[in-house]
Structures are given as C-alpha cells and as structure tokens.
file work_18.pdb (PDB, C-alpha atoms)
MODEL        1
ATOM      1  CA  LEU A1085     -30.228 -19.125  -9.949
ATOM      2  CA  ARG A1086     -27.125 -17.037  -9.261
ATOM      3  CA  CYS A1087     -29.137 -14.624  -7.127
ATOM      4  CA  MET A1088     -30.514 -17.567  -5.130
ATOM      5  CA  ALA A1089     -26.998 -18.943  -4.692
ATOM      6  CA  TYR A1090     -25.740 -15.596  -3.405
ATOM      7  CA  ARG A1091     -28.743 -15.400  -1.074
ATOM      8  CA  ALA A1092     -27.719 -18.794   0.295
ATOM      9  CA  LEU A1093     -24.279 -17.315   1.046
ATOM     10  CA  GLY A1094     -25.924 -14.728   3.259
ATOM     11  CA  LEU A1095     -26.162 -11.760   0.914
ATOM     12  CA  GLY A1096     -29.270  -9.576   0.939
ATOM     13  CA  TRP A1097     -31.326  -9.322  -2.240
ATOM     14  CA  GLY A1098     -29.653  -6.020  -3.136
ATOM     15  CA  ARG A1099     -26.120  -7.417  -2.850
ATOM     16  CA  ALA A1100     -27.156 -10.657  -4.538
ATOM     17  CA  LEU A1101     -28.533  -8.734  -7.514
ATOM     18  CA  ALA A1102     -25.415  -6.545  -7.661
ATOM     19  CA  ALA A1103     -23.152  -9.601  -7.611
ATOM     20  CA  ARG A1104     -25.243 -11.229 -10.345
ATOM     21  CA  VAL A1105     -25.011  -8.160 -12.605
ATOM     22  CA  ALA A1106     -21.293  -7.813 -11.855
ATOM     23  CA  PHE A1107     -20.642 -11.385 -12.966
ATOM     24  CA  ASP A1108     -22.774 -10.949 -16.089
ATOM     25  CA  SER A1109     -20.819  -7.798 -16.987
ATOM     26  CA  LEU A1110     -17.558  -9.654 -16.436
ATOM     27  CA  ASP A1111     -18.672 -12.639 -18.496
ATOM     28  CA  SER A1112     -19.662 -10.406 -21.408
ATOM     29  CA  SER A1113     -16.342  -8.529 -21.310
ATOM     30  CA  VAL A1114     -14.401 -11.793 -21.374
ATOM     31  CA  ALA A1115     -16.465 -13.113 -24.265
ATOM     32  CA  SER A1116     -15.791 -10.014 -26.348
ATOM     33  CA  ASN A1117     -12.082  -9.958 -25.374
ATOM     34  CA  ARG A1118     -12.405  -6.431 -23.952
ATOM     35  CA  ARG A1119     -10.436  -5.168 -20.976
ATOM     36  CA  PHE A1120     -12.563  -5.305 -17.851
ATOM     37  CA  THR A1121     -12.094  -2.557 -15.288
ATOM     38  CA  SER A1122     -15.341  -2.579 -13.309
ATOM     39  CA  PRO A1123     -18.906  -3.874 -13.756
ATOM     40  CA  LEU A1124     -20.874  -1.298 -15.729
ATOM     41  CA  LEU A1125     -23.992  -1.850 -13.664
ATOM     42  CA  GLY A1126     -22.667  -3.862 -10.763
ATOM     43  CA  ALA A1127     -20.861  -1.024  -8.986
ATOM     44  CA  PRO A1128     -23.837   1.394  -9.018
ATOM     45  CA  LEU A1129     -26.147  -1.363  -7.843
ATOM     46  CA  VAL A1130     -23.779  -2.332  -5.059
ATOM     47  CA  ARG A1131     -23.514   1.297  -3.998
ATOM     48  CA  ARG A1132     -27.291   1.836  -4.249
ATOM     49  CA  PHE A1133     -28.597  -1.412  -2.827
ATOM     50  CA  GLY A1134     -25.725  -3.158  -1.103
ATOM     51  CA  GLY A1135     -24.511  -0.297   1.075
ATOM     52  CA  PHE A1136     -20.828  -0.484   0.078
ATOM     53  CA  TYR A1137     -18.610   0.078  -2.925
ATOM     54  CA  PRO A1138     -15.650  -2.133  -3.950
ATOM     55  CA  ASN A1139     -12.608   0.022  -3.270
ATOM     56  CA  ASP A1140      -9.164  -1.244  -4.245
ATOM     57  CA  PRO A1141      -6.383   1.095  -3.093
ATOM     58  CA  TRP A1142      -4.376   0.268  -6.229
ATOM     59  CA  HIS A1143      -7.118   1.723  -8.456
ATOM     60  CA  ARG A1144      -7.259   5.507  -8.148
ATOM     61  CA  GLY A1145      -8.995   8.399  -9.857
ATOM     62  CA  THR A1146     -12.220   8.803 -11.767
ATOM     63  CA  SER A1147     -10.857   7.400 -14.998
ATOM     64  CA  GLY A1148     -10.568   3.896 -13.589
ATOM     65  CA  GLU A1149      -6.850   3.811 -14.399
ATOM     66  CA  PRO A1150      -5.316   1.093 -12.179
ATOM     67  CA  ARG A1151      -2.109   1.401 -10.195
ATOM     68  CA  GLY A1152       0.408  -1.047  -8.729
ATOM     69  CA  GLU A1153       1.967  -4.237  -9.965
ATOM     70  CA  SER A1154      -1.238  -6.156 -10.611
ATOM     71  CA  ALA A1155      -2.635  -3.104 -12.403
ATOM     72  CA  ARG A1156       0.392  -2.829 -14.688
ATOM     73  CA  ARG A1157      -0.005  -6.502 -15.518
ATOM     74  CA  SER A1158      -3.662  -5.927 -16.410
ATOM     75  CA  LYS A1159      -2.624  -3.286 -18.943
ATOM     76  CA  ALA A1160      -0.473  -5.850 -20.734
ATOM     77  CA  SER A1161      -2.971  -8.727 -20.348
ATOM     78  CA  PRO A1162      -6.522  -7.661 -21.256
ATOM     79  CA  ASP A1163      -8.067 -11.093 -20.771
ATOM     80  CA  ARG A1164      -9.615 -11.875 -17.405
ATOM     81  CA  THR A1165      -8.386 -15.057 -15.736
ATOM     82  CA  GLU A1166     -10.445 -17.716 -14.004
ATOM     83  CA  SER A1167      -8.876 -16.663 -10.688
ATOM     84  CA  GLU A1168     -10.214 -13.127 -11.180
ATOM     85  CA  LEU A1169     -13.679 -14.548 -11.905
ATOM     86  CA  SER A1170     -13.583 -16.637  -8.743
ATOM     87  CA  GLY A1171     -12.267 -13.733  -6.662
ATOM     88  CA  LEU A1172     -14.828 -11.122  -7.729
ATOM     89  CA  LEU A1173     -17.616 -12.387  -5.478
ATOM     90  CA  GLU A1174     -15.207 -12.403  -2.527
ATOM     91  CA  ASP A1175     -14.334  -8.770  -3.273
ATOM     92  CA  LEU A1176     -17.997  -7.778  -3.551
ATOM     93  CA  MET A1177     -18.726  -9.457  -0.217
ATOM     94  CA  GLY A1178     -16.339  -7.159   1.592
ATOM     95  CA  ALA A1179     -12.683  -7.609   0.737
ATOM     96  CA  ARG A1180     -12.574  -4.212  -0.972
ATOM     97  CA  GLN A1181     -15.278  -2.356   0.894
ATOM     98  CA  SER A1182     -14.487   0.754   2.890
ATOM     99  CA  ARG A1183     -13.966  -0.227   6.504
ATOM    100  CA  PRO A1184     -15.021   1.746   9.591
ATOM    101  CA  ALA A1185     -12.710   4.143  11.413
ATOM    102  CA  SER A1186     -12.950   2.014  14.562
ATOM    103  CA  LEU A1187     -11.235  -0.870  12.788
ATOM    104  CA  GLY A1188      -8.986  -2.981  15.037
ATOM    105  CA  MET A1189      -5.990  -5.216  14.478
ATOM    106  CA  ASP A1190      -8.040  -8.316  13.661
ATOM    107  CA  GLU A1191      -9.848  -6.494  10.867
ATOM    108  CA  ALA A1192      -6.603  -4.908   9.670
ATOM    109  CA  ALA A1193      -4.891  -8.287   9.487
ATOM    110  CA  ASP A1194      -7.850  -9.693   7.589
ATOM    111  CA  ALA A1195      -7.802  -6.816   5.076
ATOM    112  CA  LEU A1196      -4.070  -7.230   4.454
ATOM    113  CA  THR A1197      -4.197 -11.011   4.076
ATOM    114  CA  ARG A1198      -7.144 -10.724   1.666
ATOM    115  CA  TRP A1199      -5.233  -8.138  -0.394
ATOM    116  CA  TRP A1200      -2.126 -10.332  -0.363
ATOM    117  CA  ALA A1201      -4.181 -13.360  -1.443
ATOM    118  CA  ARG A1202      -5.480 -11.412  -4.447
ATOM    119  CA  GLU A1203      -1.966 -10.249  -5.360
ATOM    120  CA  THR A1204      -0.721 -13.827  -5.090
ATOM    121  CA  ARG A1205      -3.638 -15.134  -7.125
ATOM    122  CA  ASN A1206      -2.919 -12.558  -9.838
ATOM    123  CA  GLY A1207       0.822 -13.250  -9.891
ATOM    124  CA  GLY A1208       1.885 -10.130  -8.008
ATOM    125  CA  CYS A1209       3.517 -11.719  -4.979
ATOM    126  CA  ASP A1210       7.064 -11.419  -6.364
ATOM    127  CA  PRO A1211       7.373  -8.208  -8.432
ATOM    128  CA  ALA A1212      10.670  -7.323 -10.056
ATOM    129  CA  PRO A1213      12.858  -4.897  -8.061
ATOM    130  CA  LEU A1214      13.194  -1.344  -9.377
ATOM    131  CA  SER A1215      16.972  -1.338  -9.022
ATOM    132  CA  SER A1216      19.851  -3.794  -8.731
ATOM    133  CA  ARG A1217      20.325  -2.570  -5.155
ATOM    134  CA  ARG A1218      17.627  -3.904  -2.850
ATOM    135  CA  ALA A1219      16.455  -3.128   0.662
ATOM    136  CA  SER A1220      13.499  -4.115   2.825
ATOM    137  CA  VAL A1221      11.645  -2.430   5.674
ATOM    138  CA  LEU A1222       9.227  -3.802   8.244
ATOM    139  CA  VAL A1223       5.890  -2.057   8.818
ATOM    140  CA  PRO A1224       5.117  -3.228  12.381
ATOM    141  CA  LEU A1225       1.421  -2.912  13.270
ATOM    142  CA  SER A1226      -0.151  -3.448  16.681
ATOM    143  CA  ARG A1227      -3.240  -2.564  18.696
ATOM    144  CA  GLY A1228      -3.167   0.941  20.167
ATOM    145  CA  PRO A1229      -4.522   2.095  23.532
ATOM    146  CA  ASP A1230      -7.846   3.027  21.905
ATOM    147  CA  GLY A1231      -8.141  -0.350  20.170
ATOM    148  CA  GLY A1232      -7.166   1.083  16.787
ATOM    149  CA  VAL A1233      -4.197   0.189  14.604
ATOM    150  CA  GLN A1234      -0.841   1.838  15.270
ATOM    151  CA  VAL A1235       2.522   1.613  13.501
ATOM    152  CA  LEU A1236       5.937   1.535  15.148
ATOM    153  CA  LEU A1237       8.370   4.126  13.772
ATOM    154  CA  CYS A1238      11.974   5.027  14.571
ATOM    155  CA  THR A1239      14.278   8.027  14.353
ATOM    156  CA  ARG A1240      17.681   7.261  12.914
ATOM    157  CA  ALA A1241      20.702   7.759  15.161
ATOM    158  CA  SER A1242      22.175  11.260  15.032
ATOM    159  CA  GLY A1243      25.674   9.913  14.414
ATOM    160  CA  LEU A1244      24.830   8.169  11.132
ATOM    161  CA  SER A1245      26.429   9.505   7.958
ATOM    162  CA  THR A1246      23.150   9.485   5.980
ATOM    163  CA  HIS A1247      19.579  10.402   6.941
ATOM    164  CA  ALA A1248      20.630  11.130  10.538
ATOM    165  CA  GLY A1249      17.673  11.982  12.783
ATOM    166  CA  GLU A1250      15.061  11.186  10.136
ATOM    167  CA  VAL A1251      11.942   9.137  10.853
ATOM    168  CA  CYS A1252      12.076   5.677   9.335
ATOM    169  CA  LEU A1253      10.736   2.147   9.474
ATOM    170  CA  PRO A1254      13.017  -0.637  10.765
ATOM    171  CA  GLY A1255      14.944  -1.979   7.803
ATOM    172  CA  GLY A1256      18.017  -1.915   5.615
ATOM    173  CA  LYS A1257      19.763  -3.398   2.619
ATOM    174  CA  ASN A1258      19.270  -7.056   1.738
ATOM    175  CA  ASP A1259      22.273  -9.321   2.134
ATOM    176  CA  ASP A1260      23.368 -11.290  -0.935
ATOM    177  CA  GLY A1261      20.720 -13.890  -1.737
ATOM    178  CA  GLU A1262      18.480 -12.738   1.107
ATOM    179  CA  GLY A1263      14.725 -12.497   0.554
ATOM    180  CA  ASP A1264      12.703  -9.394   1.366
ATOM    181  CA  VAL A1265      10.847 -10.889   4.339
ATOM    182  CA  ASP A1266      14.017 -12.327   5.875
ATOM    183  CA  ALA A1267      15.845  -9.027   5.411
ATOM    184  CA  ALA A1268      13.048  -6.977   6.998
ATOM    185  CA  LEU A1269      12.795  -9.301  10.008
ATOM    186  CA  ARG A1270      16.577  -9.405  10.473
ATOM    187  CA  GLU A1271      16.878  -5.626  10.369
ATOM    188  CA  ALA A1272      13.992  -5.176  12.816
ATOM    189  CA  SER A1273      15.703  -7.575  15.200
ATOM    190  CA  GLU A1274      19.005  -5.708  14.926
ATOM    191  CA  GLU A1275      17.527  -2.210  15.201
ATOM    192  CA  VAL A1276      14.668  -2.481  17.719
ATOM    193  CA  GLY A1277      15.055  -5.950  19.278
ATOM    194  CA  LEU A1278      11.979  -7.536  17.681
ATOM    195  CA  SER A1279      12.296 -11.305  17.589
ATOM    196  CA  PRO A1280      11.451 -12.665  14.103
ATOM    197  CA  GLY A1281       9.184 -15.213  15.762
ATOM    198  CA  ASP A1282       7.082 -12.391  17.220
ATOM    199  CA  ALA A1283       6.263 -10.914  13.812
ATOM    200  CA  ASN A1284       3.274 -12.327  11.960
ATOM    201  CA  VAL A1285       3.893 -11.350   8.326
ATOM    202  CA  LEU A1286       0.631 -10.301   6.646
ATOM    203  CA  ALA A1287       1.655  -8.926   3.233
ATOM    204  CA  SER A1288       4.458  -7.439   1.153
ATOM    205  CA  LEU A1289       3.836  -4.378  -0.990
ATOM    206  CA  PRO A1290       5.399  -3.770  -4.411
ATOM    207  CA  PRO A1291       8.790  -2.026  -4.165
ATOM    208  CA  PHE A1292       9.401   1.729  -4.032
ATOM    209  CA  LEU A1293      12.450   3.474  -5.520
ATOM    210  CA  SER A1294      14.383   5.610  -3.046
ATOM    211  CA  LYS A1295      16.156   8.842  -3.967
ATOM    212  CA  GLY A1296      19.406   6.861  -3.664
ATOM    213  CA  HIS A1297      18.256   4.460  -6.427
ATOM    214  CA  VAL A1298      17.577   1.584  -4.019
ATOM    215  CA  SER A1299      14.549  -0.651  -4.570
ATOM    216  CA  VAL A1300      12.848  -0.803  -1.159
ATOM    217  CA  ARG A1301      10.104  -3.329  -0.407
ATOM    218  CA  PRO A1302       7.779  -2.917   2.614
ATOM    219  CA  VAL A1303       6.880  -6.056   4.571
ATOM    220  CA  VAL A1304       3.791  -5.597   6.769
ATOM    221  CA  ALA A1305       3.565  -7.606   9.991
ATOM    222  CA  ALA A1306       1.489  -7.749  13.150
ATOM    223  CA  ILE A1307       3.582  -7.576  16.317
ATOM    224  CA  PRO A1308       2.579  -8.191  19.950
ATOM    225  CA  ASP A1309       0.668  -5.306  21.535
ATOM    226  CA  GLU A1310       2.939  -5.451  24.565
ATOM    227  CA  PHE A1311       6.181  -5.304  22.565
ATOM    228  CA  GLU A1312       8.622  -2.730  23.938
ATOM    229  CA  PRO A1313      11.333  -1.809  21.437
ATOM    230  CA  VAL A1314      14.968  -1.783  22.515
ATOM    231  CA  PRO A1315      16.670   0.660  20.129
ATOM    232  CA  ASN A1316      20.172  -0.162  18.962
ATOM    233  CA  PRO A1317      21.977   3.138  19.755
ATOM    234  CA  GLU A1318      24.275   2.741  16.754
ATOM    235  CA  GLU A1319      21.295   2.880  14.394
ATOM    236  CA  VAL A1320      18.216   4.180  16.234
ATOM    237  CA  ASP A1321      17.758   7.066  18.670
ATOM    238  CA  ARG A1322      14.209   6.352  19.750
ATOM    239  CA  CYS A1323      10.943   4.643  18.769
ATOM    240  CA  PHE A1324       7.381   5.913  18.838
ATOM    241  CA  ARG A1325       3.933   4.827  17.646
ATOM    242  CA  VAL A1326       1.432   6.634  15.430
ATOM    243  CA  PRO A1327      -2.175   5.717  14.482
ATOM    244  CA  LEU A1328      -2.035   4.211  11.001
ATOM    245  CA  GLU A1329      -5.272   5.844   9.877
ATOM    246  CA  SER A1330      -3.771   9.311  10.387
ATOM    247  CA  PHE A1331      -1.802   8.827   7.159
ATOM    248  CA  LEU A1332      -5.030   9.087   5.162
ATOM    249  CA  THR A1333      -6.009  12.522   6.490
ATOM    250  CA  LYS A1334      -4.967  16.081   5.649
ATOM    251  CA  GLU A1335      -4.394  17.031   9.281
ATOM    252  CA  GLY A1336      -0.751  18.027   9.673
ATOM    253  CA  TYR A1337      -0.161  17.177   6.008
ATOM    254  CA  SER A1338       1.881  19.037   3.400
ATOM    255  CA  PHE A1339       3.703  18.184   0.186
ATOM    256  CA  ARG A1340       6.220  19.350  -2.378
ATOM    257  CA  ASP A1341       6.341  18.282  -6.022
ATOM    258  CA  TRP A1342       9.843  17.344  -7.099
ATOM    259  CA  GLU A1343      11.401  16.473 -10.447
ATOM    260  CA  PHE A1344      12.782  13.065  -9.547
ATOM    261  CA  THR A1345      14.286  12.708 -12.992
ATOM    262  CA  ARG A1346      14.166  14.748 -16.155
ATOM    263  CA  GLY A1347      10.543  14.996 -17.273
ATOM    264  CA  LYS A1348       9.143  12.986 -14.355
ATOM    265  CA  ARG A1349       7.778  14.638 -11.238
ATOM    266  CA  ILE A1350       6.685  12.955  -8.031
ATOM    267  CA  ARG A1351       4.858  14.221  -4.968
ATOM    268  CA  VAL A1352       6.857  14.179  -1.719
ATOM    269  CA  HIS A1353       4.416  13.757   1.188
ATOM    270  CA  ARG A1354       5.020  15.041   4.693
ATOM    271  CA  PHE A1355       3.094  14.483   7.954
ATOM    272  CA  GLU A1356       3.600  16.026  11.379
ATOM    273  CA  ARG A1357       2.952  13.110  13.716
ATOM    274  CA  GLY A1358       3.825  12.717  17.380
ATOM    275  CA  GLY A1359       6.153  15.700  17.301
ATOM    276  CA  HIS A1360       8.045  14.237  14.332
ATOM    277  CA  ASN A1361       8.122  14.878  10.586
ATOM    278  CA  VAL A1362       7.283  11.694   8.692
ATOM    279  CA  TRP A1363       8.073  12.297   5.035
ATOM    280  CA  GLY A1364       9.410  10.908   1.780
ATOM    281  CA  LEU A1365       9.530   7.179   1.167
ATOM    282  CA  THR A1366       8.415   6.281   4.705
ATOM    283  CA  ALA A1367       5.352   8.508   4.360
ATOM    284  CA  VAL A1368       4.195   7.153   1.000
ATOM    285  CA  MET A1369       4.632   3.560   2.185
ATOM    286  CA  LEU A1370       2.426   4.233   5.210
ATOM    287  CA  VAL A1371      -0.222   5.841   3.011
ATOM    288  CA  ARG A1372      -0.293   2.741   0.806
ATOM    289  CA  VAL A1373      -0.597   0.388   3.795
ATOM    290  CA  ALA A1374      -3.361   2.525   5.314
ATOM    291  CA  GLU A1375      -5.293   2.521   2.026
ATOM    292  CA  ILE A1376      -5.260  -1.273   1.987
ATOM    293  CA  VAL A1377      -6.196  -1.618   5.652
ATOM    294  CA  TYR A1378      -9.027   0.936   5.648
ATOM    295  CA  GLY A1379     -10.242   0.243   2.122
ATOM    296  CA  ARG A1380     -10.317   3.852   0.993
ATOM    297  CA  GLN A1381      -8.082   6.391  -0.704
ATOM    298  CA  ALA A1382      -6.172   9.145   1.035
ATOM    299  CA  GLU A1383      -7.786  12.584   1.224
ATOM    300  CA  PHE A1384      -5.033  14.045  -0.986
ATOM    301  CA  ALA A1385      -3.628  13.359  -4.435
ATOM    302  CA  MET A1386      -0.715  10.933  -4.537
ATOM    303  CA  SER A1387       0.905  12.273  -7.732
ATOM    304  CA  PRO A1388       1.427  15.727  -9.260
ATOM    305  CA  PRO A1389      -1.106  16.825 -11.891
ATOM    306  CA  GLY A1390      -0.273  17.508 -15.501
ATOM    307  CA  PRO A1391       2.398  16.169 -17.874
ATOM    308  CA  GLY A1392       5.247  14.350 -16.163
ATOM    309  CA  GLY A1393       3.357  13.716 -12.946
ATOM    310  CA  THR A1394       3.879  10.108 -11.920
ATOM    311  CA  ASP A1395       3.978   7.647  -9.053
ATOM    312  CA  ILE A1396       7.284   6.773  -7.402
ATOM    313  CA  GLN A1397       6.515   3.076  -7.936
ATOM    314  CA  SER A1398       6.337   3.645 -11.700
ATOM    315  CA  ILE A1399       9.975   4.733 -12.028
ATOM    316  CA  VAL A1400      12.774   2.241 -12.606
ATOM    317  CA  SER A1401      16.315   3.198 -11.609
ATOM    318  CA  GLU A1402      17.867   2.669 -15.034
ATOM    319  CA  GLU A1403      15.537   5.295 -16.505
ATOM    320  CA  HIS A1404      17.287   8.214 -14.799
ATOM    321  CA  PRO A1405      21.068   7.847 -14.366
ATOM    322  CA  SER A1406      21.531  11.636 -14.425
ATOM    323  CA  ALA A1407      18.749  12.487 -11.958
ATOM    324  CA  ASN A1408      19.207  15.192  -9.345
ATOM    325  CA  MET A1409      19.324  13.140  -6.173
ATOM    326  CA  GLU A1410      18.767  15.915  -3.614
ATOM    327  CA  PRO A1411      15.253  16.246  -2.172
ATOM    328  CA  PRO A1412      13.555  19.646  -1.885
ATOM    329  CA  ARG A1413      15.374  21.732   0.736
ATOM    330  CA  SER A1414      12.085  22.701   2.342
ATOM    331  CA  MET A1415      11.485  19.036   3.147
ATOM    332  CA  MET A1416      14.770  18.490   5.001
TER
ENDMDL
END
call {"tool": "encode", "arguments": {"input": "work_18.pdb", "output": "structure tokens"}}
result
Amino acid sequence: LRCMAYRALGLGWGRALAARVAFDSLDSSVASNRRFTSPLLGAPLVRRFGGFYPNDPWHRGTSGEPRGESARRSKASPDRTESELSGLLEDLMGARQSRPASLGMDEAADALTRWWARETRNGGCDPAPLSSRRASVLVPLSRGPDGGVQVLLCTRASGLSTHAGEVCLPGGKNDDGEGDVDAALREASEEVGLSPGDANVLASLPPFLSKGHVSVRPVVAAIPDEFEPVPNPEEVDRCFRVPLESFLTKEGYSFRDWEFTRGKRIRVHRFERGGHNVWGLTAVMLVRVAEIVYGRQAEFAMSPPGPGGTDIQSIVSEEHPSANMEPPRSMM
C-alpha cells in the first residue's frame, strides 16, 4: 500500500520501493529505541534504482557521523520524532539529492528553504551562540551572467585597524538586543547600500567561532540580480562576485592546519578567486552554504585528521581562554 501511495505521488517503482524500505527501517529503529542514522537498505536501493542518493551537507564521512546543530542534538536524543518521520519522504524525493552543476537561483533558493525548514522542524532554527560576543554576516546570492549562482564579497577598507584589505562578507557585531537577521541586513545596508527590503532571507546557518572569540552567524539571502553595490569607503574598498559552486572544488584551493586552542586543531581553508584570497571564516562559511545549495560535499576534507582534529563550529569560546589567537603567518 505504501508503494502504491508513493507511486500516486509521482515516484517511479524504484523510488517508491526505496522509500518504502526506508520507512520500514526507520519504523523498526524507533520501535527498538536505537539511534537511526540512515536506512540500512533504503539508501542502496535509492542509489541503485532511484538514481539519486540523499546527501545532507551536515552529515560527512563514511562513518555516518553527523555534523552541525541538528546532528549534535541527535547525539543527545536517540529517539526519532514524528517530524523526522514525516520529513523523510520529502528528503528522499529530492530535498537532499545532489543537484546539477547548472543549478540556478530558483533551485538554490528552494534547496536553502528546504534545509531551513528541516532545521526549524528539528529545533535548530535558534542555536546557542558560541560566545557572549555576537556578530552576523549576510551571504548575498544572485544570478550570475551564466545563469548560475554567485555570491557578493567585499574587501575591507585599507584604513581599518583590524583585518584591513581582507575579503569578507557584509556584516558586523550585533547591537544590544538585535537579532541575527536584523544585524546582517543592517550591516549590509551600511556597508554596500543594500536595502533590507531587497534581501529575501532564505536561511541562517549555525554560528561559527572567529579567531577573536566572536560567535558569527551567517544569514543567507537572495538579492536582486541587477543590484549594484555602493561601498562605504570607511568600511569597504570594493565589491566583487564569485560563483558559489567554486567553493566546492580544489581549483585554486589550499589549506593550513592550525592549533586553534590547546589540543584542538582546525583546518584553515583558502581559495584564490577573482584575483583575491578568500580564506578563514569567510571561506568555511561559503563552503557550508555551497554544500547545502548543491547537495554534495566539498572535494576536500573540512577538518584535520587524527587526534585533536575538529570543526570550527564544535568549539565554544569558554573552552580556550588561553588560545593563541594569531592565524598561520602563511595565510596572511
């Protein structure tokens, strides 16, 4: 009966069978109170018969170990919720499938809103900050000349006392009592002249901890294709656009592993894009957004191997008050 119901929704027999087996696997794991990570038979059947494989950018590696806020919650809460049951079929029907390279802004917006809906459904829409000091950045996406997705980036003004000349996303520290979305939109208006009404917010990612111990949350928004930034000379020297998908490839890519705090090492990513070096926190944020949009993992490892290797989103500021705060010199 389930297969017939899935057929009525437009799935082929292969996908209908895969969805049926996936649900049966999930039901059995719930009944036995075991942690569910992926259907034991559903995923191979989907890959073999359905032509796609559910790919969540917050689940990396061959061990099935999840990443991100919703993943950390799943470690603490082994039981599957009714919302996860109801959302699995949606994921199998395409929300997590790998999307083509020719993906445009409409598809990108759909991928981000679907991801955000799952995070909201699973309680991940308002994760705790990683530090008492908070900041927000806007990830402005638009349609490029080739129809693909591009992101607007800035170089910080050369006269600034910190991070002068570095590539960044529009953003800054939250005012007292200010939410992440409001802060990101306000900063984008002040720095590049983007009217808040012209930004269609699609999703907010979990926060990242900067080397200055600031919890920084990316807010992803679609902006008009014809938008022309007006840089504020006190904060921004210039603006440029880069294809978002390029942050999943090894072309022009390098990295350095750095001991962020005693016993914990992170990978500092660097890309040569548009004649600029995009690195550090800005780079890793763009990788995460690209993974969600394109439904696949980057071509490189996100964390150092071996003991102490970790993800920057897994470190909380209070854990390392004596950390060396200087980045690798080769990355400056």
call {"tool": "resolve_selection", "arguments": {"input": "work_18.pdb", "expression": "the PyMOL selection byres ((chain A and resi 1372) around 9)", "output": "PyMOL selection string"}}
result
chain A and resi 1141-1142+1289+1331+1367-1371+1373-1377+1381-1382
call {"tool": "atom_distance", "arguments": {"input": "work_18.pdb", "atom1": "atom CA of Ser1242 of chain A", "atom2": "atom CA of Val1298 of chain A"}}
result
21.9 Å
call {"tool": "resolve_selection", "arguments": {"input": "work_18.pdb", "expression": "the PyMOL selection byres ((chain A and resi 1197-1210) around 6)", "output": "mmCIF file with C-alpha atoms, in the frame of the given file"}}
result
data_model
loop_
_atom_site.group_PDB
_atom_site.id
_atom_site.type_symbol
_atom_site.label_atom_id
_atom_site.label_comp_id
_atom_site.auth_asym_id
_atom_site.auth_seq_id
_atom_site.Cartn_x
_atom_site.Cartn_y
_atom_site.Cartn_z
ATOM 1 C CA SER A 1154 -1.238 -6.156 -10.611
ATOM 2 C CA ASP A 1194 -7.850 -9.693 7.589
ATOM 3 C CA ALA A 1195 -7.802 -6.816 5.076
ATOM 4 C CA LEU A 1196 -4.070 -7.230 4.454
ATOM 5 C CA PRO A 1211 7.373 -8.208 -8.432
ATOM 6 C CA LEU A 1286 0.631 -10.301 6.646
ATOM 7 C CA ALA A 1287 1.655 -8.926 3.233
#
call {"tool": "closest_residue", "arguments": {"input": "work_18.pdb", "among": "A:Ala1272, A:Leu1214, A:Ala1192, A:Leu1236", "to": "Lys1295 of chain A", "atoms": "only C-alpha atoms"}}
result
A:Leu1214
call {"tool": "atom_distance", "arguments": {"input": "work_18.pdb", "atom1": "atom CA of Ile1399 of chain A", "atom2": "atom CA of Glu1250 of chain A"}}
result
23.6 Å
call {"tool": "axis_aligned_box", "arguments": {"input": "work_18.pdb", "around": "segment 1197-1214 of chain A", "padding_each_side": "8 Å", "output": "AutoDock Vina command-line options"}}
result
--center_x 3.0 --center_y -8.2 --center_z -3.0 --size_x 36.3 --size_y 29.8 --size_z 30.1
call {"tool": "closest_residue", "arguments": {"input": "work_18.pdb", "among": "A:Val1276, A:Val1400, A:Leu1332, A:Leu1269", "to": "Thr1239 of chain A", "atoms": "all atoms listed in the file"}}
result
A:Val1276
call {"tool": "resolve_selection", "arguments": {"input": "work_18.pdb", "expression": "the PyMOL selection byres ((chain A and resi 1314-1317) around 12)", "output": "list in words"}}
result
Leu1236, Leu1237, Cys1238, Thr1239, Arg1240, Ala1241, Ser1242, Gly1243, Leu1244, Pro1254, Glu1271, Ala1272, Ser1273, Glu1274, Glu1275, Val1276, Gly1277, Leu1278, Ser1279, Phe1311, Glu1312, Pro1313, Glu1318, Glu1319, Val1320, Asp1321, Arg1322, Cys1323 and Phe1324 of chain A
call {"tool": "write_last_selection", "arguments": {"input": "work_18.pdb", "atoms": "C-alpha atoms", "output": "mmCIF file, in the frame of the given file"}}
result
data_model
loop_
_atom_site.group_PDB
_atom_site.id
_atom_site.type_symbol
_atom_site.label_atom_id
_atom_site.label_comp_id
_atom_site.auth_asym_id
_atom_site.auth_seq_id
_atom_site.Cartn_x
_atom_site.Cartn_y
_atom_site.Cartn_z
ATOM 1 C CA LEU A 1236 5.937 1.535 15.148
ATOM 2 C CA LEU A 1237 8.370 4.126 13.772
ATOM 3 C CA CYS A 1238 11.974 5.027 14.571
ATOM 4 C CA THR A 1239 14.278 8.027 14.353
ATOM 5 C CA ARG A 1240 17.681 7.261 12.914
ATOM 6 C CA ALA A 1241 20.702 7.759 15.161
ATOM 7 C CA SER A 1242 22.175 11.260 15.032
ATOM 8 C CA GLY A 1243 25.674 9.913 14.414
ATOM 9 C CA LEU A 1244 24.830 8.169 11.132
ATOM 10 C CA PRO A 1254 13.017 -0.637 10.765
ATOM 11 C CA GLU A 1271 16.878 -5.626 10.369
ATOM 12 C CA ALA A 1272 13.992 -5.176 12.816
ATOM 13 C CA SER A 1273 15.703 -7.575 15.200
ATOM 14 C CA GLU A 1274 19.005 -5.708 14.926
ATOM 15 C CA GLU A 1275 17.527 -2.210 15.201
ATOM 16 C CA VAL A 1276 14.668 -2.481 17.719
ATOM 17 C CA GLY A 1277 15.055 -5.950 19.278
ATOM 18 C CA LEU A 1278 11.979 -7.536 17.681
ATOM 19 C CA SER A 1279 12.296 -11.305 17.589
ATOM 20 C CA PHE A 1311 6.181 -5.304 22.565
ATOM 21 C CA GLU A 1312 8.622 -2.730 23.938
ATOM 22 C CA PRO A 1313 11.333 -1.809 21.437
ATOM 23 C CA GLU A 1318 24.275 2.741 16.754
ATOM 24 C CA GLU A 1319 21.295 2.880 14.394
ATOM 25 C CA VAL A 1320 18.216 4.180 16.234
ATOM 26 C CA ASP A 1321 17.758 7.066 18.670
ATOM 27 C CA ARG A 1322 14.209 6.352 19.750
ATOM 28 C CA CYS A 1323 10.943 4.643 18.769
ATOM 29 C CA PHE A 1324 7.381 5.913 18.838
#
call {"tool": "atom_distance", "arguments": {"input": "work_18.pdb", "atom1": "atom CA of Asp1266 of chain A", "atom2": "atom CA of Asp1282 of chain A"}}
result
13.3 Å
call {"tool": "closest_residue", "arguments": {"input": "work_18.pdb", "among": "A:Ser1216, A:Ser1398, A:Ser1294, A:Ser1387", "to": "Gly1364 of chain A", "atoms": "only C-alpha atoms"}}
result
A:Ser1294
call {"tool": "residues_around", "arguments": {"input": "work_18.pdb", "residues": "Arg1301 of chain A", "least_positions_apart": "5", "cutoff": "9 Å", "atoms": "only C-alpha atoms", "output": "VMD selection string"}}
result
chain A and resid 1213 1218 to 1222 1264 to 1265 1268 1288 to 1293
call {"tool": "closest_residue", "arguments": {"input": "work_18.pdb", "among": "A:Asp1309, A:Glu1356, A:Glu1383, A:Glu1262", "to": "Thr1333 of chain A", "atoms": "all atoms listed in the file"}}
result
A:Glu1383
call {"tool": "closest_residue", "arguments": {"input": "work_18.pdb", "among": "A:Gly1347, A:Gly1359, A:Asp1259, A:Gly1390", "to": "Arg1325 of chain A", "atoms": "all atoms listed in the file"}}
result
A:Gly1359
